[in-house]
file entry-v4.cif (mmCIF, C-alpha atoms)
data_entry
loop_
_atom_site.group_PDB
_atom_site.id
_atom_site.type_symbol
_atom_site.label_atom_id
_atom_site.label_comp_id
_atom_site.auth_asym_id
_atom_site.auth_seq_id
_atom_site.Cartn_x
_atom_site.Cartn_y
_atom_site.Cartn_z
ATOM 1 C CA MET C 131 -128.799 138.624 83.274
ATOM 2 C CA SER C 132 -131.125 137.946 86.197
ATOM 3 C CA GLY C 133 -130.142 136.228 89.390
ATOM 4 C CA LEU C 134 -132.230 133.262 88.378
ATOM 5 C CA GLN C 135 -130.426 132.951 85.091
ATOM 6 C CA ARG C 136 -127.072 133.314 86.800
ATOM 7 C CA ALA C 137 -127.947 130.333 88.933
ATOM 8 C CA ILE C 138 -128.279 128.164 85.861
ATOM 9 C CA ASP C 139 -124.988 126.911 84.487
ATOM 10 C CA GLU C 140 -124.554 125.945 80.884
ATOM 11 C CA ASN C 141 -125.021 122.248 81.537
ATOM 12 C CA ARG C 142 -128.234 122.956 83.324
ATOM 13 C CA ILE C 143 -129.463 125.071 80.439
ATOM 14 C CA GLN C 144 -128.769 122.160 78.107
ATOM 15 C CA GLN C 145 -130.763 119.905 80.399
ATOM 16 C CA LEU C 146 -133.553 122.436 80.335
ATOM 17 C CA ASP C 147 -133.460 122.520 76.573
ATOM 18 C CA ARG C 148 -133.942 118.760 76.493
ATOM 19 C CA VAL C 149 -137.153 118.879 78.538
ATOM 20 C CA TYR C 150 -138.747 121.613 76.465
ATOM 21 C CA GLN C 151 -142.014 120.566 74.913
ATOM 22 C CA PRO C 152 -142.306 121.336 71.209
ATOM 23 C CA SER C 153 -146.052 121.734 71.585
ATOM 24 C CA ASN C 154 -145.594 124.876 73.632
ATOM 25 C CA VAL C 155 -145.648 127.352 70.807
ATOM 26 C CA GLY C 156 -146.418 131.016 70.960
ATOM 27 C CA SER C 157 -144.818 134.369 70.440
ATOM 28 C CA MET C 158 -143.639 137.251 72.543
ATOM 29 C CA GLY C 159 -143.393 140.953 72.358
ATOM 30 C CA ILE C 160 -140.431 143.240 72.721
ATOM 31 C CA GLY C 161 -137.399 141.635 74.302
ATOM 32 C CA GLY C 162 -137.250 138.180 75.789
ATOM 33 C CA PHE C 163 -135.180 135.346 77.077
ATOM 34 C CA GLY C 164 -134.673 133.506 73.815
ATOM 35 C CA ASP C 165 -133.687 129.932 74.308
ATOM 36 C CA VAL C 166 -133.738 129.909 78.088
ATOM 37 C CA VAL C 167 -137.505 130.178 78.309
ATOM 38 C CA PRO C 168 -138.546 127.362 80.607
ATOM 39 C CA PRO C 169 -141.136 124.903 79.384
ATOM 40 C CA PHE C 170 -144.730 125.274 80.391
ATOM 41 C CA ASN C 171 -145.326 121.666 81.281
ATOM 42 C CA ARG C 172 -142.363 121.175 83.545
ATOM 43 C CA THR C 173 -139.871 123.607 84.930
ATOM 44 C CA THR C 174 -136.645 122.284 86.356
ATOM 45 C CA VAL C 175 -134.465 125.165 87.400
ATOM 46 C CA GLY C 176 -131.594 124.763 89.840
ATOM 47 C CA GLU C 177 -130.993 122.154 92.506
ATOM 48 C CA GLY C 178 -133.764 121.627 95.000
ATOM 49 C CA TRP C 179 -136.261 123.730 93.103
ATOM 50 C CA GLU C 180 -138.453 121.652 90.939
ATOM 51 C CA ARG C 181 -142.080 122.107 90.239
ATOM 52 C CA GLU C 182 -144.536 121.620 87.500
ATOM 53 C CA VAL C 183 -146.103 124.515 85.744
ATOM 54 C CA VAL C 184 -149.296 123.873 83.902
ATOM 55 C CA ALA C 185 -149.321 124.802 80.257
ATOM 56 C CA PRO C 186 -151.549 127.641 79.147
ATOM 57 C CA GLY C 187 -154.528 126.205 77.382
ATOM 58 C CA GLN C 188 -154.196 122.770 78.920
ATOM 59 C CA ASP C 189 -156.060 123.619 82.077
ATOM 60 C CA ARG C 190 -158.152 126.473 80.816
ATOM 61 C CA SER C 191 -161.603 126.279 79.423
ATOM 62 C CA ILE C 192 -162.325 127.870 76.113
ATOM 63 C CA PRO C 193 -165.378 130.047 76.742
ATOM 64 C CA SER C 194 -168.464 128.400 75.303
ATOM 65 C CA THR C 195 -170.108 131.675 74.375
ATOM 66 C CA ARG C 196 -168.271 134.258 72.369
ATOM 67 C CA GLY C 197 -169.152 137.801 71.511
ATOM 68 C CA LEU C 198 -171.065 138.570 74.675
ATOM 69 C CA VAL C 199 -170.101 142.198 74.184
ATOM 70 C CA ARG C 200 -170.483 143.362 70.617
ATOM 71 C CA GLY C 201 -167.581 145.418 69.359
ATOM 72 C CA TYR C 202 -167.189 147.333 66.121
ATOM 73 C CA ARG C 203 -165.524 144.315 64.528
ATOM 74 C CA THR C 204 -167.292 141.320 65.957
ATOM 75 C CA ARG C 205 -167.904 139.904 62.489
ATOM 76 C CA GLU C 206 -164.221 140.138 61.606
ATOM 77 C CA LEU C 207 -163.206 138.540 64.895
ATOM 78 C CA GLU C 208 -165.550 135.638 64.269
ATOM 79 C CA TRP C 209 -164.124 135.200 60.782
ATOM 80 C CA ARG C 210 -160.600 135.309 62.160
ATOM 81 C CA GLU C 211 -161.471 132.629 64.685
ATOM 82 C CA THR C 212 -163.002 130.264 62.171
ATOM 83 C CA GLN C 213 -160.676 131.001 59.266
ATOM 84 C CA ALA C 214 -157.354 131.333 61.068
ATOM 85 C CA HIS C 215 -155.637 129.217 58.424
ATOM 86 C CA MET C 216 -156.497 131.834 55.807
ATOM 87 C CA LEU C 217 -154.249 134.321 57.577
ATOM 88 C CA GLN C 218 -151.165 132.160 57.325
ATOM 89 C CA ARG C 219 -150.458 133.502 53.861
ATOM 90 C CA TYR C 220 -150.088 136.970 55.421
ATOM 91 C CA VAL C 221 -147.555 136.079 58.111
ATOM 92 C CA GLY C 222 -145.242 139.026 58.719
ATOM 93 C CA GLU C 223 -147.692 141.467 57.173
ATOM 94 C CA TRP C 224 -150.295 143.970 58.227
ATOM 95 C CA VAL C 225 -153.797 143.054 57.149
ATOM 96 C CA ALA C 226 -156.921 145.178 56.705
ATOM 97 C CA LEU C 227 -159.977 142.987 57.134
ATOM 98 C CA GLU C 228 -163.439 144.182 56.186
ATOM 99 C CA GLY C 229 -166.159 141.703 56.948
ATOM 100 C CA GLU C 230 -164.837 138.435 55.587
ATOM 101 C CA ARG C 231 -162.567 140.027 53.020
ATOM 102 C CA VAL C 232 -158.921 141.050 53.185
ATOM 103 C CA ILE C 233 -159.028 144.423 51.443
ATOM 104 C CA ALA C 234 -155.343 145.315 51.811
ATOM 105 C CA HIS C 235 -152.172 143.790 53.154
ATOM 106 C CA GLY C 236 -148.456 144.394 53.138
ATOM 107 C CA SER C 237 -145.395 145.195 55.177
ATOM 108 C CA ASP C 238 -146.112 148.939 55.314
ATOM 109 C CA PRO C 239 -149.109 149.542 57.596
ATOM 110 C CA VAL C 240 -149.567 153.126 56.444
ATOM 111 C CA GLN C 241 -149.905 151.883 52.866
ATOM 112 C CA VAL C 242 -152.369 149.237 54.026
ATOM 113 C CA VAL C 243 -154.515 151.893 55.702
ATOM 114 C CA THR C 244 -154.243 154.170 52.654
ATOM 115 C CA GLN C 245 -155.344 151.360 50.341
ATOM 116 C CA ALA C 246 -158.245 150.476 52.621
ATOM 117 C CA ARG C 247 -159.413 154.069 52.792
ATOM 118 C CA ALA C 248 -159.118 154.383 49.013
ATOM 119 C CA GLN C 249 -161.750 151.646 48.849
ATOM 120 C CA GLY C 250 -164.104 153.738 50.947
ATOM 121 C CA VAL C 251 -163.325 152.210 54.328
ATOM 122 C CA HIS C 252 -162.577 155.309 56.386
ATOM 123 C CA THR C 253 -161.975 153.387 59.583
ATOM 124 C CA PRO C 254 -160.295 150.126 58.612
ATOM 125 C CA TYR C 255 -159.577 147.252 60.943
ATOM 126 C CA VAL C 256 -155.859 146.557 60.746
ATOM 127 C CA PHE C 257 -153.751 143.983 62.568
ATOM 128 C CA PHE C 258 -150.381 142.296 62.271
ATOM 129 C CA VAL C 259 -150.068 138.576 61.593
ATOM 130 C CA GLU C 260 -147.177 137.358 63.692
ATOM 131 C CA SER C 261 -145.301 134.224 62.845
ATOM 132 C CA ARG C 262 -145.378 131.294 65.182
ATOM 133 C CA ARG C 263 -142.024 130.497 66.684
ATOM 134 C CA ALA C 264 -141.196 127.404 68.655
ATOM 135 C CA ASN C 265 -140.573 127.836 72.380
ATOM 136 C CA VAL C 266 -141.423 131.511 72.351
ATOM 137 C CA VAL C 267 -144.276 132.874 74.406
ATOM 138 C CA LYS C 268 -146.034 136.211 74.341
ATOM 139 C CA MET C 269 -145.372 139.057 76.722
ATOM 140 C CA GLY C 270 -145.865 142.792 76.751
ATOM 141 C CA LEU C 271 -143.088 145.337 76.874
ATOM 142 C CA MET H 218 -163.155 141.325 101.658
ATOM 143 C CA GLU H 219 -164.369 143.673 98.955
ATOM 144 C CA ALA H 220 -166.550 142.299 96.184
ATOM 145 C CA VAL H 221 -166.313 143.896 92.760
ATOM 146 C CA GLU H 222 -169.169 143.785 90.305
ATOM 147 C CA TYR H 223 -168.554 144.016 86.587
ATOM 148 C CA LYS H 224 -170.939 145.004 83.855
ATOM 149 C CA TYR H 225 -169.253 143.405 80.839
ATOM 150 C CA ARG H 226 -167.746 139.990 80.239
ATOM 151 C CA PHE H 227 -165.231 139.404 77.476
ATOM 152 C CA PRO H 228 -164.147 135.902 76.523
ATOM 153 C CA TYR H 229 -160.578 136.160 75.222
ATOM 154 C CA PRO H 230 -160.763 136.538 71.439
ATOM 155 C CA LEU H 231 -158.323 134.583 69.325
ATOM 156 C CA ASP H 232 -155.398 136.610 68.087
ATOM 157 C CA PRO H 233 -154.221 136.269 64.461
ATOM 158 C CA GLN H 234 -152.112 133.289 65.516
ATOM 159 C CA GLY H 235 -155.193 131.547 66.855
ATOM 160 C CA ASP H 236 -154.318 131.940 70.526
ATOM 161 C CA PRO H 237 -156.860 133.252 73.043
ATOM 162 C CA SER H 238 -155.571 136.583 74.330
ATOM 163 C CA PRO H 239 -156.875 139.386 76.546
ATOM 164 C CA ILE H 240 -157.646 141.602 73.577
ATOM 165 C CA LEU H 241 -159.991 144.562 73.610
ATOM 166 C CA GLN H 242 -160.972 145.751 70.165
ATOM 167 C CA LEU H 243 -161.211 149.505 70.063
ATOM 168 C CA ARG H 244 -161.647 152.314 67.584
ATOM 169 C CA VAL H 245 -159.011 154.994 67.943
ATOM 170 C CA PHE H 246 -159.601 158.554 66.766
ATOM 171 C CA ASN H 247 -157.860 161.847 66.580
ATOM 172 C CA PRO H 248 -160.397 163.947 68.547
ATOM 173 C CA SER H 249 -160.128 166.672 65.919
ATOM 174 C CA ASN H 250 -161.040 164.226 63.146
ATOM 175 C CA THR H 251 -163.516 161.570 64.161
ATOM 176 C CA PHE H 252 -164.351 160.740 60.538
ATOM 177 C CA SER H 253 -161.263 158.642 59.825
ATOM 178 C CA GLY H 254 -160.250 156.419 62.676
ATOM 179 C CA LEU H 255 -158.698 153.006 62.960
ATOM 180 C CA ASP H 256 -159.979 149.768 64.483
ATOM 181 C CA ILE H 257 -157.262 147.947 66.375
ATOM 182 C CA ASP H 258 -156.705 145.031 68.715
ATOM 183 C CA THR H 259 -155.305 146.247 72.008
ATOM 184 C CA HIS H 260 -153.725 143.863 74.479
ATOM 185 C CA LEU H 261 -154.598 144.486 78.111
ATOM 186 C CA ASP H 262 -151.307 144.515 79.993
ATOM 187 C CA SER H 263 -151.371 145.227 83.709
ATOM 188 C CA GLY H 264 -147.576 145.100 83.710
ATOM 189 C CA ALA H 265 -147.324 148.172 81.517
ATOM 190 C CA GLU H 266 -147.397 151.456 83.380
ATOM 191 C CA TYR H 267 -148.560 153.310 80.293
ATOM 192 C CA SER H 268 -150.209 152.337 77.039
ATOM 193 C CA LEU H 269 -148.248 152.215 73.811
ATOM 194 C CA LEU H 270 -149.484 152.072 70.251
ATOM 195 C CA ASN H 271 -147.562 151.938 67.013
ATOM 196 C CA GLY H 272 -146.316 155.274 65.757
ATOM 197 C CA TRP H 273 -147.727 154.623 62.298
ATOM 198 C CA ILE H 274 -151.200 154.706 63.842
ATOM 199 C CA ALA H 275 -150.579 158.307 64.869
ATOM 200 C CA ARG H 276 -149.657 159.142 61.295
ATOM 201 C CA THR H 277 -152.817 157.593 59.873
ATOM 202 C CA LEU H 278 -154.865 159.588 62.387
ATOM 203 C CA GLY H 279 -153.315 162.828 61.198
ATOM 204 C CA PHE H 280 -150.904 163.450 64.061
ATOM 205 C CA ASP H 281 -147.382 164.725 63.579
ATOM 206 C CA LEU H 282 -145.821 161.872 65.544
ATOM 207 C CA LEU H 283 -142.651 163.617 66.684
ATOM 208 C CA SER H 284 -144.450 166.778 67.797
ATOM 209 C CA GLY H 285 -145.840 164.937 70.824
ATOM 210 C CA ASN H 286 -144.177 165.034 74.216
ATOM 211 C CA LEU H 287 -141.559 162.380 74.831
ATOM 212 C CA ARG H 288 -142.397 159.418 77.044
ATOM 213 C CA THR H 289 -139.672 156.824 77.427
ATOM 214 C CA TYR H 290 -140.705 153.209 77.940
ATOM 215 C CA GLY H 291 -138.463 150.785 79.771
ATOM 216 C CA PRO H 292 -139.126 147.246 78.534
ATOM 217 C CA LEU H 293 -138.205 144.096 80.398
ATOM 218 C CA VAL H 294 -134.960 143.828 78.505
ATOM 219 C CA GLY H 295 -133.203 145.744 75.785
ATOM 220 C CA PRO H 296 -133.042 149.437 75.020
ATOM 221 C CA THR H 297 -135.720 151.893 76.024
ATOM 222 C CA ILE H 298 -138.433 152.823 73.549
ATOM 223 C CA ALA H 299 -139.120 156.472 72.774
ATOM 224 C CA GLY H 300 -142.824 157.179 72.665
ATOM 225 C CA ARG H 301 -144.536 160.393 71.660
ATOM 226 C CA VAL H 302 -147.719 161.365 73.410
ATOM 227 C CA HIS H 303 -150.879 162.552 71.686
ATOM 228 C CA ARG H 304 -154.403 162.872 72.984
ATOM 229 C CA VAL H 305 -156.702 160.297 71.432
ATOM 230 C CA ARG H 306 -160.242 159.057 71.787
ATOM 231 C CA LEU H 307 -160.737 155.334 72.219
ATOM 232 C CA SER H 308 -164.222 154.188 71.377
ATOM 233 C CA HIS H 309 -166.219 151.022 71.898
ATOM 234 C CA PRO H 310 -169.880 150.659 70.913
ATOM 235 C CA GLU H 311 -170.922 149.398 74.351
ATOM 236 C CA LEU H 312 -168.252 150.749 76.657
ATOM 237 C CA GLY H 313 -168.351 154.291 75.292
ATOM 238 C CA ASN H 314 -165.474 156.712 74.757
ATOM 239 C CA PHE H 315 -162.216 157.132 76.596
ATOM 240 C CA ASP H 316 -160.099 160.231 76.071
ATOM 241 C CA MET H 317 -156.514 159.740 77.117
ATOM 242 C CA GLU H 318 -152.925 160.766 76.528
ATOM 243 C CA MET H 319 -151.629 157.929 74.375
ATOM 244 C CA GLY H 320 -148.013 157.025 73.774
ATOM 245 C CA PHE H 321 -147.048 156.198 70.194
ATOM 246 C CA SER H 322 -143.892 154.223 69.590
ATOM 247 C CA THR H 323 -141.175 155.607 67.357
ATOM 248 C CA VAL H 324 -140.187 152.049 66.474
ATOM 249 C CA GLU H 325 -142.526 149.443 65.047
ATOM 250 C CA ILE H 326 -144.102 147.114 67.561
ATOM 251 C CA HIS H 327 -146.230 144.129 66.702
ATOM 252 C CA ARG H 328 -148.808 144.493 69.438
ATOM 253 C CA GLU H 329 -150.735 147.477 70.744
ATOM 254 C CA ILE H 330 -150.552 147.678 74.525
ATOM 255 C CA LEU H 331 -153.175 149.090 76.889
ATOM 256 C CA GLY H 332 -151.516 149.657 80.215
ATOM 257 C CA ARG H 333 -152.396 150.895 83.642
ATOM 258 C CA ASP H 334 -153.297 154.372 82.447
ATOM 259 C CA PHE H 335 -156.264 152.735 80.704
ATOM 260 C CA PHE H 336 -156.924 150.493 83.692
ATOM 261 C CA ASN H 337 -157.210 153.706 85.705
ATOM 262 C CA LEU H 338 -160.229 154.675 83.604
ATOM 263 C CA THR H 339 -161.985 151.343 84.077
ATOM 264 C CA GLN H 340 -162.317 148.384 86.411
ATOM 265 C CA ILE H 341 -160.866 145.218 84.919
ATOM 266 C CA GLY H 342 -160.653 141.742 86.344
ATOM 267 C CA PHE H 343 -159.159 138.613 84.810
ATOM 268 C CA ARG H 344 -160.200 134.980 85.167
ATOM 269 C CA GLU H 345 -157.360 133.382 83.285
ATOM 270 C CA ARG H 346 -158.596 129.863 83.981
ATOM 271 C CA GLN H 347 -161.801 130.772 82.141
ATOM 272 C CA LEU H 348 -159.933 132.787 79.485
ATOM 273 C CA THR H 349 -162.246 135.642 80.278
ATOM 274 C CA TYR H 350 -161.913 139.179 81.536
ATOM 275 C CA TYR H 351 -164.483 141.466 83.051
ATOM 276 C CA LEU H 352 -164.792 145.179 82.693
ATOM 277 C CA SER H 353 -166.778 148.056 84.088
ATOM 278 C CA THR H 354 -166.470 151.618 82.977
ATOM 279 C CA VAL H 355 -166.573 152.966 86.524
ATOM 280 C CA PRO H 356 -163.017 152.782 87.863
#
call {"tool": "encode", "arguments": {"input": "entry-v4.cif", "output": "structure tokens"}}
result
Amino acid sequence: MSGLQRAIDENRIQQLDRVYQPSNVGSMGIGGFGDVVPPFNRTTVGEGWEREVVAPGQDRSIPSTRGLVRGYRTRELEWRETQAHMLQRYVGEWVALEGERVIAHGSDPVQVVTQARAQGVHTPYVFFVESRRANVVKMGL
Amino acid sequence: MEAVEYKYRFPYPLDPQGDPSPILQLRVFNPSNTFSGLDIDTHLDSGAEYSLLNGWIARTLGFDLLSGNLRTYGPLVGPTIAGRVHRVRLSHPELGNFDMEMGFSTVEIHREILGRDFFNLTQIGFRERQLTYYLSTVP
């Protein structure tokens, strides 16, 4: 437990929980702070230390031009951006996307790659569809 | 003050959840077999000392995962992660090729991480407010 967390007693954590904003949804990587993740919009931690933290996305401009640098899978990225809802059926799975078509999916990524290659795609584009969890944000390791 | 010039600009692509993220799409190869590679989303992570990809990727590239040298990753919290190191080629149609010693996780992870060992091969700058990063291939 970090020094910051130690400074927060249980009552304070409950207060923090009450000011969490349900709109702040994301996911995180390996490890995390679970329910004591402070809200984006307002952080109130400890006496005498209050400040507002702006929510990601609220103050940031979505770039008007995409695909300035063409990658191997620009077409798939564009499809993923415009058809994000289509991926919801694959939450918790690995997906091989070729053009605008899901050519394989499942919980075993090696099988997904094998199935994609069996269809003649020697270098498939494979990614994991994470589930959205409330009050969880992304981080690296 | 130094001024850094960048050659490439990358607006954050949306990840599968629909969130803009500092993702760089790359093709990863086993240098001894460049016929069958894998296209992956890598997340640029300046907080990671070394890059880490899923171990299953190594298998699909023809590596014997556990034959690689051990590299232990210390995450922010929780137990360490044992990675095995294999030499790979990362390829991008405009950026070119990057040969590097890549760590492959022996446990499944849900995001592929490009850390500071990759940053050492490039020059990368972030403008989070614009959801954009910049990259040059000259470190």
call {"tool": "residues_around", "arguments": {"input": "entry-v4.cif", "residues": "stretch 221-227 of chain C", "least_positions_apart": "3", "cutoff": "7 Å", "atoms": "all atoms listed in the file", "output": "ChimeraX atom specification"}}
result
/C:206,217-218,230-237,239,242,246,254-261
call {"tool": "atom_distance", "arguments": {"input": "entry-v4.cif", "atom1": "atom CA of H:Tyr350", "atom2": "atom CA of H:Arg288"}}
result
28.5 Å
call {"tool": "resolve_selection", "arguments": {"input": "entry-v4.cif", "expression": "the PyMOL selection byres ((chain H) within 7 of (chain C))", "output": "JSON list (two decimals) with C-alpha atoms, in the coordinates of the input"}}
result
[["chain", "number", "residue", "atom", "x", "y", "z"],
["H", 225, "TYR", "CA", -169.25, 143.40, 80.84],
["H", 226, "ARG", "CA", -167.75, 139.99, 80.24],
["H", 227, "PHE", "CA", -165.23, 139.40, 77.48],
["H", 228, "PRO", "CA", -164.15, 135.90, 76.52],
["H", 231, "LEU", "CA", -158.32, 134.58, 69.32],
["H", 233, "PRO", "CA", -154.22, 136.27, 64.46],
["H", 234, "GLN", "CA", -152.11, 133.29, 65.52],
["H", 235, "GLY", "CA", -155.19, 131.55, 66.86],
["H", 242, "GLN", "CA", -160.97, 145.75, 70.17],
["H", 253, "SER", "CA", -161.26, 158.64, 59.82],
["H", 254, "GLY", "CA", -160.25, 156.42, 62.68],
["H", 255, "LEU", "CA", -158.70, 153.01, 62.96],
["H", 256, "ASP", "CA", -159.98, 149.77, 64.48],
["H", 257, "ILE", "CA", -157.26, 147.95, 66.38],
["H", 258, "ASP", "CA", -156.71, 145.03, 68.72],
["H", 262, "ASP", "CA", -151.31, 144.51, 79.99],
["H", 265, "ALA", "CA", -147.32, 148.17, 81.52],
["H", 273, "TRP", "CA", -147.73, 154.62, 62.30],
["H", 277, "THR", "CA", -152.82, 157.59, 59.87],
["H", 292, "PRO", "CA", -139.13, 147.25, 78.53],
["H", 293, "LEU", "CA", -138.21, 144.10, 80.40],
["H", 294, "VAL", "CA", -134.96, 143.83, 78.50],
["H", 295, "GLY", "CA", -133.20, 145.74, 75.78],
["H", 309, "HIS", "CA", -166.22, 151.02, 71.90],
["H", 310, "PRO", "CA", -169.88, 150.66, 70.91],
["H", 327, "HIS", "CA", -146.23, 144.13, 66.70],
["H", 346, "ARG", "CA", -158.60, 129.86, 83.98],
["H", 347, "GLN", "CA", -161.80, 130.77, 82.14],
["H", 348, "LEU", "CA", -159.93, 132.79, 79.48]]
call {"tool": "resolve_selection", "arguments": {"input": "entry-v4.cif", "expression": "the PyMOL selection byres ((chain H and resi 308) around 6)", "output": "PyMOL selection string"}}
result
chain H and resi 243-244+307+309+313-314
call {"tool": "atom_distance", "arguments": {"input": "entry-v4.cif", "atom1": "atom CA of H:Glu266", "atom2": "atom CA of C:Ala264"}}
result
28.9 Å
call {"tool": "residues_around", "arguments": {"input": "entry-v4.cif", "residues": "H:Glu329", "least_positions_apart": "6", "cutoff": "7 Å", "atoms": "only C-alpha atoms", "output": "ChimeraX atom specification"}}
result
/H:258-260,269-271
